[in-house]
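The structure under discussion appears below in the form of structure tokens.
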Amino acid sequence: MGDMSARLLALLSLLQTPRDWPGSELAERLKVSPRTVRRDIDRLRELGYPVQATMGAVGGYRLAAGTAMPPLLLDDEEAVAIAVGLRTAASHPVDGIEEASVRALAKLEQVLPSRLRHRVGALAAATVPMFTGSEPPVDPRNLVVLAGAATNRERLRFAYRSGDGTETRRLTEPYRLVAAGRRWYLLAYDNDRDDWRVFRVDRISDPQATGVRVPARVPPEQDAAAFITRRLYSLAPTYEVVATLHLAADQVTHRLGAAAGDVEPIDARSCRLRGPADTLEWTASRLLMLGCEFEVHEPPELLAYLRALGTRATRAAQPDRAGRPSDFSDRQGGLGRRDRM
């Protein structure tokens with residue numbers, strides 16, 4: 001039975017290379033008879049692997065797409081590549097695959113040999129991602145520990161840094177990880193405070209599973225994502241933005257994406273934007289990055305912020321106290337003179 005299991009795994013590994021495999025070549029690779037290859041192919045089919053056979057001189061066996069996802073066999077290089085990719089997707093969440101990335105990463109790292117786990121960690125430590133946005137990065141190793149504790153219903157200790165910089169040790173019972181607004185959040189029962197709490201994962205450090213399994217608690221809501229979203233909005237000031245944008249409505253929707261809110265066309269070259277905003281800084285930067293003229297009608301707090309921002313930008317563009325242009329102006333002027341020559 002052991003020899004047959006090892007042979008099936010070797011056969012499956014060959015078939016997962018996308019090509020047609022003649023039965024004679026498979027038999028030669030596995031050092032068995034063609035009849036044994038046919039029996040092993042039937043066993044793989046019984047296990048749910050859709051192995052197709054074609055007849056003729058150029059025929060053979062090929063692993064095709066099926067109706068279910070069977071287990072995959074990965075060599076060392078493939079396993080490292082997938083683990084690194086999942087770490088990237090988990091630490092900088094992409095809409096739609098955030099939680100799936102963490103689940104897959106947790107499963108993969110659980111079975112990775114130590115030599116491959118070391119290679120994945122070394123490669124991740126030596127790689128600097130670019131254009132990750134303004135949100136703080138999250139250590140994928142922390143995500144794996146948190147996800148494992150939530151899945152196993154295991155108590156977890158970690159250090160948590162609050163918004164004012166104060167750090168405390170927490171003993172919690174993790175329930176769910178949720179990605180929202182390009183950040184990861186943990187919904188957990190806080191044993192010290194005897195209540196449910198929402199933790200920002202980028203503020204969590206040194207998570208350590210205690211090994212203590214506990215019965216599942218009834219969460220405040222079954223939909224953890226909806227609960228965390230409402231909790232975040234209840235803690236942050238919410239503004240209703242109304243602005244006229246001198247840009248076509250479809251272009252505004254394309255550039256703002258999920259943050260577009262309600263965009264109503266005025267004419268072919270302008271539109272009216274209405275929608276909620278939780279921070280003035282983020283809303284102002286999004287409007288400025290549209291690259292078009294606009295007028296803000298509401299809220300007055302956004303108008304005041306834009307005026308202050310414009311004043312700072314104007315001061316930054318002024319000559320220094322000696323009346324000499326700034327270094328950037330010197331360079332621009334120099335380029336202009338060279339262009340005119």
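Order determines the names: the first chain of the structure tokens is A, the second B, and so forth; residues in each chain are numbered 1 upward, and ligands are numbered 1 upward as they are shown.
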Contacts of Ile82 in chain A at 9 Å or less, counting only C-alpha atoms, minus same-chain residues fewer than 4 places along, as a compact mmCIF listing (two decimals) with C-alpha atoms, in the first residue's frame?
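Output contents, as saved in out_7.txt:
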# COMPACT_ATOMS: atom_id res chain seq x y z
CA GLU A 77 10.10 26.11 -5.98
CA GLU A 78 6.35 26.19 -6.64
CA LEU A 86 0.00 34.72 -0.65
CA ARG A 87 2.03 36.69 1.88
CA LEU A 105 -1.47 30.94 3.55
CA LEU A 108 0.26 26.13 3.25
Find the residues near Leu232 in chain A: any atom within 12 Å, counting only C-alpha atoms, skip ones fewer than 5 places away on the same chain, and give them as a PDB file with N, CA and C atoms, in the first residue's frame.
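Generated output (out-v2.pdb):
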ATOM      1  N   ALA A 180     -10.935  45.545   5.726  1.00  0.00           N
ATOM      2  CA  ALA A 180     -11.855  46.637   5.421  1.00  0.00           C
ATOM      3  C   ALA A 180     -11.054  47.912   5.223  1.00  0.00           C
ATOM      4  N   GLY A 181     -11.299  48.594   4.098  1.00  0.00           N
ATOM      5  CA  GLY A 181     -10.623  49.859   3.851  1.00  0.00           C
ATOM      6  C   GLY A 181      -9.122  49.739   3.782  1.00  0.00           C
ATOM      7  N   ARG A 183      -7.239  47.758   5.373  1.00  0.00           N
ATOM      8  CA  ARG A 183      -6.657  47.392   6.663  1.00  0.00           C
ATOM      9  C   ARG A 183      -7.237  46.064   7.119  1.00  0.00           C
ATOM     10  N   TYR A 185      -8.564  43.871  10.406  1.00  0.00           N
ATOM     11  CA  TYR A 185      -9.107  44.023  11.749  1.00  0.00           C
ATOM     12  C   TYR A 185      -9.389  42.635  12.330  1.00  0.00           C
ATOM     13  N   LEU A 187     -11.727  40.731  15.142  1.00  0.00           N
ATOM     14  CA  LEU A 187     -12.836  40.741  16.089  1.00  0.00           C
ATOM     15  C   LEU A 187     -12.571  39.618  17.089  1.00  0.00           C
ATOM     16  N   ARG A 197     -14.123  43.163  21.360  1.00  0.00           N
ATOM     17  CA  ARG A 197     -13.328  44.300  20.925  1.00  0.00           C
ATOM     18  C   ARG A 197     -12.898  44.109  19.469  1.00  0.00           C
ATOM     19  N   VAL A 198     -12.640  45.246  18.800  1.00  0.00           N
ATOM     20  CA  VAL A 198     -12.101  45.256  17.436  1.00  0.00           C
ATOM     21  C   VAL A 198     -10.674  45.789  17.514  1.00  0.00           C
ATOM     22  N   PHE A 199      -9.718  45.010  16.996  1.00  0.00           N
ATOM     23  CA  PHE A 199      -8.307  45.380  17.042  1.00  0.00           C
ATOM     24  C   PHE A 199      -7.784  45.593  15.613  1.00  0.00           C
ATOM     25  N   ARG A 200      -7.023  46.659  15.428  1.00  0.00           N
ATOM     26  CA  ARG A 200      -6.308  46.834  14.168  1.00  0.00           C
ATOM     27  C   ARG A 200      -5.088  45.928  14.172  1.00  0.00           C
ATOM     28  N   ALA A 225     -17.925  41.156   9.339  1.00  0.00           N
ATOM     29  CA  ALA A 225     -17.540  42.293   8.505  1.00  0.00           C
ATOM     30  C   ALA A 225     -18.515  43.452   8.675  1.00  0.00           C
ATOM     31  N   ALA A 226     -19.814  43.145   8.697  1.00  0.00           N
ATOM     32  CA  ALA A 226     -20.811  44.199   8.881  1.00  0.00           C
ATOM     33  C   ALA A 226     -20.688  44.828  10.263  1.00  0.00           C
ATOM     34  N   PHE A 227     -20.445  44.009  11.275  1.00  0.00           N
ATOM     35  CA  PHE A 227     -20.307  44.534  12.635  1.00  0.00           C
ATOM     36  C   PHE A 227     -19.112  45.481  12.730  1.00  0.00           C
ATOM     37  N   PRO A 237     -15.881  60.434  12.645  1.00  0.00           N
ATOM     38  CA  PRO A 237     -16.845  61.429  12.182  1.00  0.00           C
ATOM     39  C   PRO A 237     -17.189  61.190  10.715  1.00  0.00           C
ATOM     40  N   THR A 238     -18.455  61.287  10.389  1.00  0.00           N
ATOM     41  CA  THR A 238     -18.904  61.052   9.025  1.00  0.00           C
ATOM     42  C   THR A 238     -19.434  62.350   8.434  1.00  0.00           C
ATOM     43  N   ASP A 278     -15.364  59.672   5.867  1.00  0.00           N
ATOM     44  CA  ASP A 278     -15.053  59.602   7.294  1.00  0.00           C
ATOM     45  C   ASP A 278     -13.871  60.471   7.686  1.00  0.00           C
ATOM     46  N   THR A 279     -13.015  60.864   6.721  1.00  0.00           N
ATOM     47  CA  THR A 279     -11.886  61.743   7.037  1.00  0.00           C
ATOM     48  C   THR A 279     -11.787  62.840   5.989  1.00  0.00           C
TER      49      THR A 279
END
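A straight line drawn from CA of Leu8 in chain A to CA of Val37 in chain A is 9.3 Å long.
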Next on the checklist: Residues of range 37-66 of chain A classed as alpha helix (DSSP H) by DSSP on the backbone are to be reported as a VMD selection string.
Outcome noted: chain A and resid 37 to 46
Selected residues written out, C-alpha atoms, as a PDB file, in the first residue's frame:
ATOM      1  CA  VAL A  37      -0.241   2.800 -15.203  1.00  0.00           C
ATOM      2  CA  ARG A  38      -3.785   2.207 -16.479  1.00  0.00           C
ATOM      3  CA  ARG A  39      -4.878   0.920 -13.059  1.00  0.00           C
ATOM      4  CA  ASP A  40      -3.304   3.903 -11.322  1.00  0.00           C
ATOM      5  CA  ILE A  41      -5.049   6.285 -13.738  1.00  0.00           C
ATOM      6  CA  ASP A  42      -8.375   4.646 -12.780  1.00  0.00           C
ATOM      7  CA  ARG A  43      -7.534   5.106  -9.078  1.00  0.00           C
ATOM      8  CA  LEU A  44      -6.840   8.823  -9.620  1.00  0.00           C
ATOM      9  CA  ARG A  45     -10.183   9.172 -11.391  1.00  0.00           C
ATOM     10  CA  GLU A  46     -11.927   7.505  -8.445  1.00  0.00           C
TER      11      GLU A  46
END
Next on the checklist: Applying 12 Å and only C-alpha atoms, which residues near Asp267 in chain A remain after dropping the ones on its own chain fewer than 2 positions away? List them as a PyMOL selection string.
Outcome noted: chain A and resi 244-250+263-265+269-272
Checklist entry - Which residues come within 9 Å of Gly261 in chain A, counting only C-alpha atoms, excluding same-chain residues fewer than 5 positions away, as a ChimeraX atom specification? => result /A:253,256,273-276
